[in-house]
Structure formats: structure tokens, C-alpha cells
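Only one structure is covered here, and it is reproduced in the block below.
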Amino acid sequence: MRSKAPLLLMEQLIMVLVFALAAAVCVQAFVLSDRISRRSAARDQAVIAAESMAEQWKACGGDAAKAAAAYGGSVEQGLWTKNYDGGEVSLLGGTDEGGLRTASVDAVAAGDTEAVYSLTVACQAEAES
Amino acid sequence: MRERRGSFAPPAVGGSSLLVIFAVLCLTVFAMLSLATVQADRRTADASAQAVADYYAADAQAEAVLARLRSGTVPEGVEGAGGDFSYAVPISDTQELQVEVRVDGANYTVLRWQAVSTADWQPDETLDVWDGGGE
């Protein structure tokens, strides 16, 4: 009777190759999932940070310096910047036009250069009576 | 000892194939599950970000209408007279921002600034629940 050892060895060799191939594909899928998940989490945080900053700015009547004094952060040349857990959020006040004051809020995740989330916010140029 | 060594049988052909098939199936299922979960999370995050952006776009539009009212102009779609005005700005297909303001020259008071659902609500009356009345 012929030995089955070569057949067994061949089978194991092929199976190791199949497993390696499948594992490589699946690991790539896991890595992609992780990347998408991190991006979604970063954007969720950015949305919350941008919304929060917009509301703080509106509550202070569109005065970035006043808002920075009340809620933290720093103001330089009309740019109010604050850090949050996942990055940095900044508000740049626009011009007053027709009694309306506008500003744009940009949230940039840590390690990124482009804004993850942006908002345009407006309030009345003068405070409510 | 010699007897034991002599009775050693090599694993059957096909055993490793079965194991690898099982492992690959598990890996594939978990990879697909993680991808599906992450895609669902991303859709939720997209919807949430879009909802916030839509709200602030409507809010800016409502502020612009208020600024025009303060300057003495009554834009189209604004109802009211004698200083009390009300108007609505759509946020999405199912929501709108309803505003009521009292304007006195350049001064103003916000009486209402509320996001309201405009979608039809259809209550589920299939369950026989307690209606608050007696027997």
C-alpha cells in the first residue's frame, strides 16, 4: 500500500495557501471597517464641537471675544479657536451685512489638515432687546 | 512505548481542509458583519451631520428674515402686523423652523424659535391599550 503522506502534505500546503489568501482579504476588510469607523467617530465629535461653538457664539450675540472669555479658547484676528477631544474647532466671523452677522465654523480632526465638518451660522448684529 | 509508536495513525486526508474551510467561513462572516455594522454607523453619522447642517441653514435663513423685519421690510411669507410677526423656514421634508418675533424698530424679542415636525403622524391603533378612562 502506498503512503498517504505526500497527499497529506500537498493538501496541507494548499490549505495554508488558501487560508493565507482568505485571511489577507478578510484582514483588509477589517482594516477598512476600522478606518470607516474612526472617520465616522471623528465626524460625530466634530459635529458636536461645531454645533456647540455655533450656539456659544450665538448666545454671546456674535461676539467671538466675549464667547472665548465665557467658554474658553483663544481669539486671534477674529478667529476663535478651541480644542475638543478629537481635534480643533474654529470660528471665523464674517462681516455684518444688513443687520445680520455671519460666521463659519470649521472642525478639524487631530492629524488632519482639512475640516471634517463645517457650518455656517448667523445671528443678529445687535443683541436681543 | 514501541507499541504506541507503532500504532500511530496519521490524520485522515481532508481533515485540514475541513478546518481551513471552517476558519475561512468564520473570518468571512465576521468581516462582512463588521463592514455592515460600520456602513450602518456611517449612514447614521451622515444623517446626523446632514440634519445639523440643514438646521443651521434654516436658522441662518430665519435670522436673515428677522434682520429684514428689523430694517422695516416685510419679506414674502411673513405673516402678522403691528410688530408681531410669524414665519416658517423649511429645515427638511419633515421639519420646519417656526418663528414668532416681536419687532419694535431695530429692537426685537423672540417669542418662538422652534423646530417642528411637519410629517403626518399615523398612530398605531392595532394594540388595545388603556385609553385613560374607566371600565
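For the C-alpha cells, the naming scheme is as follows: chains receive sequential letters (A, B, ...) according to their order of presentation, residues are indexed from 1 within each chain, and ligands are indexed from 1 in presentation order.
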Taking only residues of chain B that have an atom at most 7 Å from an atom of chain A, what is each one's shortest atom pair and its distance in Å to one decimal, using only C-alpha atoms, in chain and number order, as a tab-separated table?
```
residue	atom	partner	partner_atom	distance
B:Val13	CA	A:Leu8	CA	5.7
B:Ser16	CA	A:Gln12	CA	6.3
B:Ser17	CA	A:Met15	CA	6.1
B:Val20	CA	A:Phe19	CA	6.3
B:Val24	CA	A:Ala22	CA	6.3
B:Leu27	CA	A:Cys26	CA	6.3
B:Thr28	CA	A:Cys26	CA	6.2
B:Ala31	CA	A:Cys26	CA	5.7
B:Ser34	CA	A:Ser33	CA	6.3
B:Leu35	CA	A:Ser33	CA	5.3
B:Val38	CA	A:Ser37	CA	5.8
B:Arg42	CA	A:Ser40	CA	5.7
B:Ala45	CA	A:Ser40	CA	6.2
B:Ala49	CA	A:Val47	CA	6.3
B:Ala53	CA	A:Leu119	CA	6.4
B:Tyr56	CA	A:Val121	CA	6.1
B:Ala60	CA	A:Ala122	CA	4.9
B:Glu63	CA	A:Cys123	CA	5.9
B:Ala64	CA	A:Leu100	CA	6.3
B:Ala67	CA	A:Gly99	CA	5.4
B:Asn107	CA	A:Ser129	CA	5.5
B:Tyr108	CA	A:Ser129	CA	5.7
B:Thr109	CA	A:Ser129	CA	6.1
```
Would you list the contacts of region 108-110 of chain A as an mmCIF file with C-alpha atoms, in the first residue's frame, taking every protein, DNA or RNA residue within 9 Å and counting only C-alpha atoms, but skipping same-chain residues closer than 3 positions in sequence?
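Result file follows (around-v1.cif):
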```cif
data_model
loop_
_atom_site.group_PDB
_atom_site.id
_atom_site.type_symbol
_atom_site.label_atom_id
_atom_site.label_comp_id
_atom_site.auth_asym_id
_atom_site.auth_seq_id
_atom_site.Cartn_x
_atom_site.Cartn_y
_atom_site.Cartn_z
ATOM 1 C CA ALA A 42 -14.239 61.790 14.278
ATOM 2 C CA ARG A 43 -17.027 63.425 12.292
ATOM 3 C CA GLN A 45 -17.278 64.559 17.508
ATOM 4 C CA ALA A 46 -16.659 67.353 15.012
ATOM 5 C CA ASP A 85 -11.292 65.699 22.388
ATOM 6 C CA GLY A 86 -10.704 64.749 18.782
ATOM 7 C CA GLY A 87 -9.203 67.917 17.334
ATOM 8 C CA GLU A 88 -9.665 71.634 16.982
ATOM 9 C CA VAL A 89 -12.695 73.748 16.165
ATOM 10 C CA SER A 90 -12.506 77.308 14.944
ATOM 11 C CA THR A 113 -5.414 69.352 7.718
ATOM 12 C CA GLU A 114 -8.842 69.645 6.129
ATOM 13 C CA ALA A 115 -12.048 70.364 8.002
ATOM 14 C CA VAL A 116 -14.077 67.277 8.865
ATOM 15 C CA TYR A 117 -17.194 69.355 9.307
#
```
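Secondary structure from DSSP on the backbone puts strand (DSSP E) at the following positions of region 15-100 of chain A: A:Ser74, A:Val75, A:Glu76, A:Leu79, A:Trp80, A:Thr81, A:Lys82, A:Asn83, A:Tyr84, A:Gly87, A:Glu88, A:Val89, A:Ser90, A:Leu91, A:Leu92, A:Gly93, A:Gly94, A:Thr95, A:Asp96, A:Glu97, A:Leu100.
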(request) Would you please give, as a PyMOL selection string, all residues of chain B that DSSP assigns to alpha helix (DSSP H) based on the backbone? (result) chain B and resi 2-6+15-70
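Distances from B:Val129, B:Val52, B:Ala88, B:Ala47 to Gln114 (chain B) were compared using only C-alpha atoms, and the smallest one belongs to B:Ala88.
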(request) Considering only C-alpha atoms, state which residue in the set A:Ser74, A:Arg2, A:Ala107, A:Leu92 is at the smallest distance from Ser52 (chain A). (result) A:Ala107
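Summary of the local environment: counting only C-alpha atoms, residues at most 10 Å from Leu79 (chain A), other than itself and those fewer than 3 positions away along its chain, are Ala64, Ala65, Ser74, Val75, Glu76, Lys82, Ser90, Leu91, Leu92, Gly93, Gly94, Ala103, Ser104 and Val105 of chain A.
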Restrict the selected residues to C-alpha atoms and save them as a PDB file, in the first residue's frame.
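Result saved to again_7.pdb:
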```pdb
ATOM      1  CA  ALA A  64     -16.170  85.860  19.473  1.00  0.00           C
ATOM      2  CA  ALA A  65     -14.031  87.573  22.136  1.00  0.00           C
ATOM      3  CA  SER A  74      -8.344  81.851  22.166  1.00  0.00           C
ATOM      4  CA  VAL A  75      -9.141  84.637  19.712  1.00  0.00           C
ATOM      5  CA  GLU A  76      -6.647  85.896  17.170  1.00  0.00           C
ATOM      6  CA  LYS A  82     -10.854  75.856  20.759  1.00  0.00           C
ATOM      7  CA  SER A  90     -12.506  77.308  14.944  1.00  0.00           C
ATOM      8  CA  LEU A  91     -14.983  80.063  14.197  1.00  0.00           C
ATOM      9  CA  LEU A  92     -14.252  82.861  11.782  1.00  0.00           C
ATOM     10  CA  GLY A  93     -16.630  85.775  11.992  1.00  0.00           C
ATOM     11  CA  GLY A  94     -17.740  87.226   8.702  1.00  0.00           C
ATOM     12  CA  ALA A 103     -19.632  83.191  10.750  1.00  0.00           C
ATOM     13  CA  SER A 104     -18.233  79.902   9.563  1.00  0.00           C
ATOM     14  CA  VAL A 105     -17.307  77.113  11.936  1.00  0.00           C
TER      15      VAL A 105
END
```
(request) Would you work out the distance separating CA of Ala59 (chain A) from CA of Leu111 (chain B), expressed in Å to one decimal? (result) 16.0 Å
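Atom pair CA of Glu79 (chain B) / CA of Glu100 (chain B) has a distance of 9.5 Å (rounded to one decimal).
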